[in-house]
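Next comes run.txt, with compact mmCIF, C-alpha atoms and all ligand atoms.
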```
# COMPACT_ATOMS: atom_id res chain seq x y z
CA MET W 1 134.97 118.18 34.04
CA LYS W 2 132.22 117.20 31.62
CA ILE W 3 130.82 113.69 31.31
CA GLY W 4 128.03 113.33 28.75
CA ASP W 5 125.64 116.20 29.40
CA GLU W 6 126.72 116.59 33.02
CA GLU W 7 129.22 119.11 34.36
CA PHE W 8 131.21 118.40 37.54
CA ASN W 9 133.25 120.82 39.58
CA ILE W 10 134.80 118.89 42.47
CA PRO W 11 137.58 120.57 44.48
CA ALA W 12 140.60 118.56 45.72
CA GLU W 13 141.07 117.94 49.45
CA SER W 14 143.37 120.36 51.26
CA LYS W 15 146.94 119.30 52.03
CA ARG W 16 146.43 120.79 55.50
CA ALA W 17 143.55 118.42 56.34
CA LEU W 18 145.43 115.35 55.14
CA ASP W 19 148.54 116.34 57.13
CA VAL W 20 146.38 116.35 60.27
CA GLU W 21 144.64 113.07 59.41
CA VAL W 22 147.86 111.20 58.58
CA THR W 23 149.66 112.55 61.68
CA LEU W 24 146.77 111.49 63.92
CA MET W 25 146.77 107.98 62.47
CA THR W 26 150.53 107.72 62.99
CA ALA W 27 150.31 108.97 66.60
CA MET W 28 147.56 106.45 67.40
CA THR W 29 149.60 103.69 65.73
CA TYR W 30 152.52 104.53 68.01
CA VAL W 31 150.24 104.23 71.08
CA VAL W 32 149.31 100.71 69.93
CA ILE W 33 152.97 99.81 69.23
CA PHE W 34 154.04 100.87 72.73
CA ALA W 35 151.07 99.09 74.32
CA TYR W 36 152.37 95.93 72.58
CA ALA W 37 156.01 96.62 73.52
CA LEU W 38 154.98 97.07 77.18
CA ASP W 39 153.06 93.75 77.14
CA TYR W 40 149.56 95.23 77.42
CA LEU W 41 148.57 93.57 74.13
CA SER W 42 149.20 90.13 72.68
CA TRP W 43 150.50 90.08 69.08
CA PRO W 44 147.15 89.14 67.41
CA VAL W 45 145.27 91.93 69.23
CA PHE W 46 148.13 94.33 68.49
CA TYR W 47 148.03 93.39 64.79
CA LEU W 48 144.29 93.93 64.56
CA LEU W 49 144.51 97.43 66.10
CA PHE W 50 147.65 98.21 64.12
CA HIS W 51 145.95 97.20 60.86
CA LEU W 52 142.84 99.30 61.58
CA LEU W 53 144.99 102.40 62.05
CA TYR W 54 147.87 101.86 59.70
CA MET W 55 145.79 100.94 56.64
CA ARG W 56 144.02 104.28 57.13
CA PHE W 57 147.44 105.93 57.32
CA PHE W 58 148.55 104.11 54.14
CA MET W 59 145.63 105.41 52.07
CA GLY W 60 145.71 108.85 53.69
CA ALA W 61 149.39 109.14 52.78
CA HIS W 62 148.49 108.31 49.16
CA ASP W 63 145.59 110.76 49.04
CA ARG W 64 147.79 113.49 50.53
CA MET W 65 149.90 113.43 47.36
CA HIS W 66 146.88 114.48 45.29
CA THR W 67 145.67 117.30 47.56
CA ASP W 68 145.37 121.02 46.85
CA GLN W 69 148.94 122.18 47.56
CA LEU W 70 147.83 125.80 48.04
CA ARG W 71 146.00 125.01 51.27
CA ARG W 72 148.84 124.03 53.59
CA TRP W 73 150.48 124.58 56.98
CA PRO W 74 153.65 126.64 57.44
CA ARG W 75 156.57 124.53 56.15
CA ALA W 76 158.03 123.75 59.62
CA ILE W 77 154.76 122.13 60.78
CA GLU W 78 154.32 120.45 57.43
CA LEU W 79 157.81 118.93 57.58
CA MET W 80 157.03 117.33 60.94
CA ALA W 81 153.70 116.01 59.64
CA GLU W 82 155.31 114.61 56.48
CA HIS W 83 158.22 112.84 58.16
CA PHE W 84 156.50 111.54 61.29
CA ALA W 85 156.03 107.89 60.35
CA VAL W 86 156.21 104.33 61.61
CA VAL W 87 159.61 103.36 60.28
CA ALA W 88 160.12 99.62 60.74
CA VAL W 89 163.35 99.61 58.75
CA PRO W 90 165.59 102.69 58.69
CA TRP W 91 165.90 102.56 54.89
CA ALA W 92 162.14 103.17 54.47
CA GLU W 93 161.46 105.66 51.69
CA PRO W 94 160.55 109.28 52.56
CA ILE W 95 157.59 111.21 51.15
CA ASP W 96 159.40 113.31 48.51
CA SER W 97 160.87 110.21 46.88
CA ILE W 98 157.58 108.26 46.97
CA ARG W 99 155.61 111.24 45.65
CA LYS W 100 157.85 111.57 42.60
CA LYS W 101 157.48 107.86 41.83
CA HIS W 102 153.73 107.93 42.41
CA PHE W 103 153.31 110.71 39.85
CA THR W 104 155.36 108.66 37.36
CA HIS W 105 152.98 105.76 38.10
CA HIS W 106 150.09 108.10 37.20
CA LEU W 107 151.79 109.22 33.97
CA GLU W 108 152.11 105.53 33.03
CA HIS W 109 148.43 104.87 33.77
CA MET W 110 146.65 107.70 32.00
CA PRO W 111 143.58 107.43 29.76
CA GLY W 112 144.52 105.92 26.42
CA LYS W 113 148.02 104.89 27.51
CA VAL W 114 149.38 101.33 27.67
CA PRO W 115 151.42 101.01 30.92
CA GLY W 116 155.10 100.58 30.03
CA GLY W 117 155.97 98.07 32.76
CA ASP W 118 159.62 99.17 33.01
CA MET W 119 160.66 98.79 36.68
CA LEU W 120 163.59 101.17 36.46
CA LYS W 121 161.56 103.94 34.82
CA ASP W 122 158.43 103.37 36.90
CA PRO W 123 159.57 101.74 40.19
CA HIS W 124 156.28 102.43 41.97
CA SER W 125 154.50 99.99 39.63
CA ILE W 126 156.95 97.18 40.43
CA TYR W 127 154.09 94.91 41.53
CA GLU W 128 152.81 94.75 37.95
CA SER W 129 156.02 93.34 36.59
CA GLY W 130 155.00 89.69 36.57
CA GLY W 131 152.47 87.21 37.88
CA PHE W 132 150.97 86.90 41.34
CA TRP W 133 153.95 85.32 43.17
CA ARG W 134 156.45 87.80 41.80
CA SER W 135 154.07 90.61 42.80
CA LEU W 136 153.68 89.11 46.28
CA PHE W 137 157.48 89.11 46.67
CA TYR W 138 157.78 92.75 45.60
CA CYS W 139 154.80 93.79 47.73
CA THR W 140 156.34 92.14 50.82
CA PHE W 141 159.82 93.55 50.21
CA PHE W 142 158.62 96.81 48.69
CA GLU W 143 161.04 99.02 50.67
CA GLU W 144 164.07 96.87 49.80
CA ALA W 145 163.09 96.68 46.12
CA GLN W 146 162.72 100.49 46.01
CA LEU W 147 166.11 100.92 47.68
CA VAL W 148 167.84 98.64 45.16
CA ILE W 149 166.18 100.47 42.24
CA ASP W 150 167.06 103.86 43.74
CA ILE W 151 170.71 102.84 44.11
CA ARG W 152 170.73 101.62 40.49
CA ASN W 153 169.04 104.84 39.34
CA ARG W 154 171.28 107.01 41.60
CA ASN W 155 168.12 108.41 43.12
CA ILE W 156 168.84 108.59 46.86
CA THR W 157 167.30 111.83 48.10
CA THR W 158 168.79 113.87 50.96
CA SER W 159 165.65 113.18 53.02
CA ARG W 160 166.43 109.45 52.83
CA TRP W 161 169.77 110.08 54.58
CA ILE W 162 168.06 112.37 57.11
CA ARG W 163 165.46 109.67 57.77
CA LEU W 164 168.21 107.09 58.28
CA ALA W 165 170.03 109.42 60.70
CA ILE W 166 166.85 109.99 62.75
CA TYR W 167 165.27 106.54 62.76
CA LEU W 168 168.35 104.28 63.01
CA PRO W 169 169.22 105.45 66.59
CA LEU W 170 165.52 105.30 67.54
CA LEU W 171 165.31 101.71 66.31
CA VAL W 172 168.45 100.75 68.26
CA LEU W 173 166.89 102.37 71.35
CA PHE W 174 163.65 100.43 70.79
CA VAL W 175 165.52 97.10 70.53
CA LEU W 176 167.62 97.87 73.64
CA SER W 177 164.49 98.81 75.62
CA PHE W 178 162.06 96.10 74.51
CA GLY W 179 164.16 93.40 72.84
CA TRP W 180 164.44 91.88 69.36
CA GLU W 181 161.24 89.89 69.72
CA LYS W 182 159.09 93.01 70.09
CA TYR W 183 160.93 94.76 67.29
CA LEU W 184 160.40 91.82 64.94
CA GLY W 185 156.74 91.68 66.03
CA VAL W 186 156.34 95.28 64.82
CA VAL W 187 158.29 94.61 61.60
CA LEU W 188 156.05 91.61 60.89
CA ALA W 189 152.91 93.73 61.41
CA VAL W 190 154.20 96.49 59.12
CA ARG W 191 155.19 93.98 56.41
CA LEU W 192 151.91 92.08 56.62
CA MET W 193 149.76 95.18 56.32
CA SER W 194 151.96 96.71 53.69
CA ALA W 195 151.98 93.53 51.57
CA ILE W 196 148.16 93.33 51.80
CA ALA W 197 147.87 97.01 50.85
CA TRP W 198 150.29 96.92 47.89
CA LEU W 199 148.88 93.64 46.64
CA SER W 200 145.26 94.79 46.69
CA PHE W 201 145.75 98.43 45.69
CA SER W 202 148.45 97.83 43.22
CA TRP W 203 148.58 94.40 41.68
CA PHE W 204 144.86 93.61 42.06
CA SER W 205 143.56 97.10 41.20
CA HIS W 206 145.71 97.56 38.10
CA THR W 207 145.75 94.07 36.64
CA GLN W 208 142.51 92.39 37.72
CA THR W 209 139.79 94.96 38.44
CA TYR W 210 140.83 97.97 36.35
CA ARG W 211 137.45 99.13 35.07
CA PHE W 212 134.67 101.59 35.79
CA GLY W 213 131.50 100.51 37.58
CA LEU W 214 133.29 97.88 39.69
CA ASP W 215 131.50 99.03 42.83
CA LYS W 216 128.14 97.80 41.50
CA LYS W 217 129.48 94.27 41.00
CA ILE W 218 130.79 93.79 44.54
CA PRO W 219 128.42 92.14 47.09
CA GLY W 220 127.26 94.51 49.85
CA PHE W 221 128.73 92.46 52.71
CA VAL W 222 132.22 92.55 51.13
CA LYS W 223 132.02 96.34 50.95
CA ILE W 224 130.81 96.60 54.56
CA LEU W 225 133.60 94.27 55.75
CA LEU W 226 136.26 96.20 53.86
CA ARG W 227 134.94 99.49 55.18
CA MET W 228 134.88 98.24 58.78
CA THR W 229 138.39 96.82 58.71
CA ASN W 230 140.10 99.44 56.59
CA GLY W 231 137.97 102.58 56.69
CA LYS W 232 135.95 104.60 54.18
CA ARG W 233 138.95 106.22 52.53
CA VAL W 234 140.34 102.78 51.71
CA SER W 235 137.10 101.24 50.42
CA ASP W 236 136.28 104.31 48.28
CA GLY W 237 139.78 104.29 46.81
CA PHE W 238 139.86 100.53 46.30
CA PHE W 239 136.63 100.20 44.34
CA ARG W 240 137.26 103.29 42.21
CA HIS W 241 140.97 103.15 41.49
CA THR W 242 140.26 103.34 37.75
CA SER W 243 138.34 106.59 38.27
CA HIS W 244 141.21 107.80 40.47
CA HIS W 245 143.55 107.39 37.48
CA ALA W 246 141.12 109.17 35.18
CA TRP W 247 140.68 112.10 37.65
CA PRO W 248 143.53 111.98 40.23
CA GLN W 249 142.64 115.25 42.03
CA VAL W 250 139.09 114.17 42.90
CA PRO W 251 138.76 113.13 46.59
CA PRO W 252 138.02 109.38 47.02
CA ASP W 253 134.59 109.96 48.56
CA LYS W 254 133.49 111.92 45.45
CA LEU W 255 134.80 109.47 42.83
CA PHE W 256 131.50 107.59 42.80
CA LEU W 257 129.84 110.65 41.16
CA LEU W 258 132.14 110.35 38.13
CA ASP W 259 132.21 106.56 38.17
CA GLU W 260 128.41 106.48 37.96
CA ALA W 261 128.31 109.27 35.36
CA VAL W 262 130.57 107.38 32.91
CA MET W 263 128.29 104.36 33.26
CA ARG W 264 125.35 106.60 32.24
CA TYR W 265 127.34 108.02 29.31
CA PRO W 266 129.48 105.16 27.95
CA ASP W 267 130.57 107.34 25.01
CA SER W 268 132.32 109.68 27.49
CA MET W 269 134.15 106.83 29.25
CA PRO W 270 137.93 107.45 29.25
CA GLU W 271 139.83 104.51 27.77
CA MET W 272 141.71 102.99 30.71
CA ILE W 273 144.13 100.22 29.73
CA ARG W 274 144.94 97.76 32.48
CA SER W 275 148.43 96.48 33.16
CA SER W 276 149.09 93.03 31.81
ZN ZN A 301 147.35 103.30 40.59
ZN ZN A 302 147.32 108.22 43.08
```

Will you turn the file into structure tokens for me?
Ligand SMILES: [Zn+2]
Ligand SMILES: [Zn+2]
Amino acid sequence: MKIGDEEFNIPAESKRALDVEVTLMTAMTYVVIFAYALDYLSWPVFYLLFHLLYMRFFMGAHDRMHTDQLRRWPRAIELMAEHFAVVAVPWAEPIDSIRKKHFTHHLEHMPGKVPGGDMLKDPHSIYESGGFWRSLFYCTFFEEAQLVIDIRNRNITTSRWIRLAIYLPLLVLFVLSFGWEKYLGVVLAVRLMSAIAWLSFSWFSHTQTYRFGLDKKIPGFVKILLRMTNGKRVSDGFFRHTSHHAWPQVPPDKLFLLDEAVMRYPDSMPEMIRSS
């Protein structure tokens, strides 16, 4: 890609690498969940560890959708990596369904395009369909909102049924082994982290801070704090979400190159229109 007089050739990350990263984060999250279920951790300590790992999973799972699909594992391994997840509710959405919606979200947020804001056509962007409180509601009950929209759109994929068949018995087993209190403790952690993630990455990034050069305006200590609590992948993605929409295949740790280049060449800056 060319910005001003500068030429950039930045390859996408490999699907293979992200499958490993996301699977590792999920496995470590499960260790923390069972440490909590077995009473080795109190809920606040559990939540802290859970957040550290699961926010990294959340962003890794997003970045995996934009990877180089030619560099991948054999399908059997890939299937395990893609469907191994912390499923707090058995109706949680599987990767193929989310991926399709995420690409629609990208088509609605392209350079020069005004986001449509139609929930049924672009369910992934549901958090932009109103003010803060409405967004908070949809971010907290994201899975349920997606399920209702999918039923209305007749868009229930086979993998959703497979996920239900696998995770529903596992959830019953978890409740029978550790009790409702522990189960609800895990659900609360998942919902809290997920609401924070959707609210900041979705509502905040698309409606409040949708511009290039944002990174330069954020105080250093905020960036350090965000990086410590959520990881580099998250902080890179968070501060450069506008650049991510301009160049979706560019890995998050390379987006700063393009973000800084458009600031040097304002005439080359893609027109990114924020959601209202
Ligand atoms: Zn976005
Ligand atoms: Zn994306």

With distances taken over all atoms listed in the file, which residue among W:Phe221, W:Phe141, W:Phe58, W:Trp133 lies nearest ligand ZN 302 (chain A)?
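Going through W:Phe221, W:Phe141, W:Phe58, W:Trp133 one by one, the smallest distance to ligand ZN 302 (chain A) is for W:Phe58.
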
Give me, as a PyMOL selection string, the set of residues whose atoms come within 10 Å of any atom of ligand ZN 302 (chain A), counting all atoms listed in the file.
chain W and resi 59+61-66+99+102-106+109+237+241+244-245+247-249

Show which residues sit within 6 Å of segment 179-188 of chain W, as a list in words. Count all atoms listed in the file, and ignore same-chain residues fewer than 3 positions away.
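Listed by chain and then number, they are Ala37, Ala88, Val175, Leu176, Arg191 and Leu192 of chain W.
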
When you count only C-alpha atoms, which of these residues is closest to Pro252 of chain W: W:Thr157, W:Thr140, W:Thr23, W:Thr67?
W:Thr67

Assuming 8 Å of padding per side, give the centre and edge lengths of the axis-aligned box around every listed atom of segment 79-87 of chain W, in Å to one decimal and as lines of an AutoDock Vina configuration file.
```
center_x = 156.7
center_y = 111.1
center_z = 59.0
size_x = 21.9
size_y = 31.6
size_z = 21.1
```

Between W:Val86, W:Glu108, W:Pro74, W:Lys15, smallest distance to Val31 of chain W by only C-alpha atoms belongs to W:Val86

For Phe201 of chain W, which residue out of W:Phe238, W:Phe178, W:Trp161, W:Phe46 is the nearest one, using all atoms listed in the file?
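Residue with the minimum atom-to-atom distance to Phe201 of chain W: W:Phe238.
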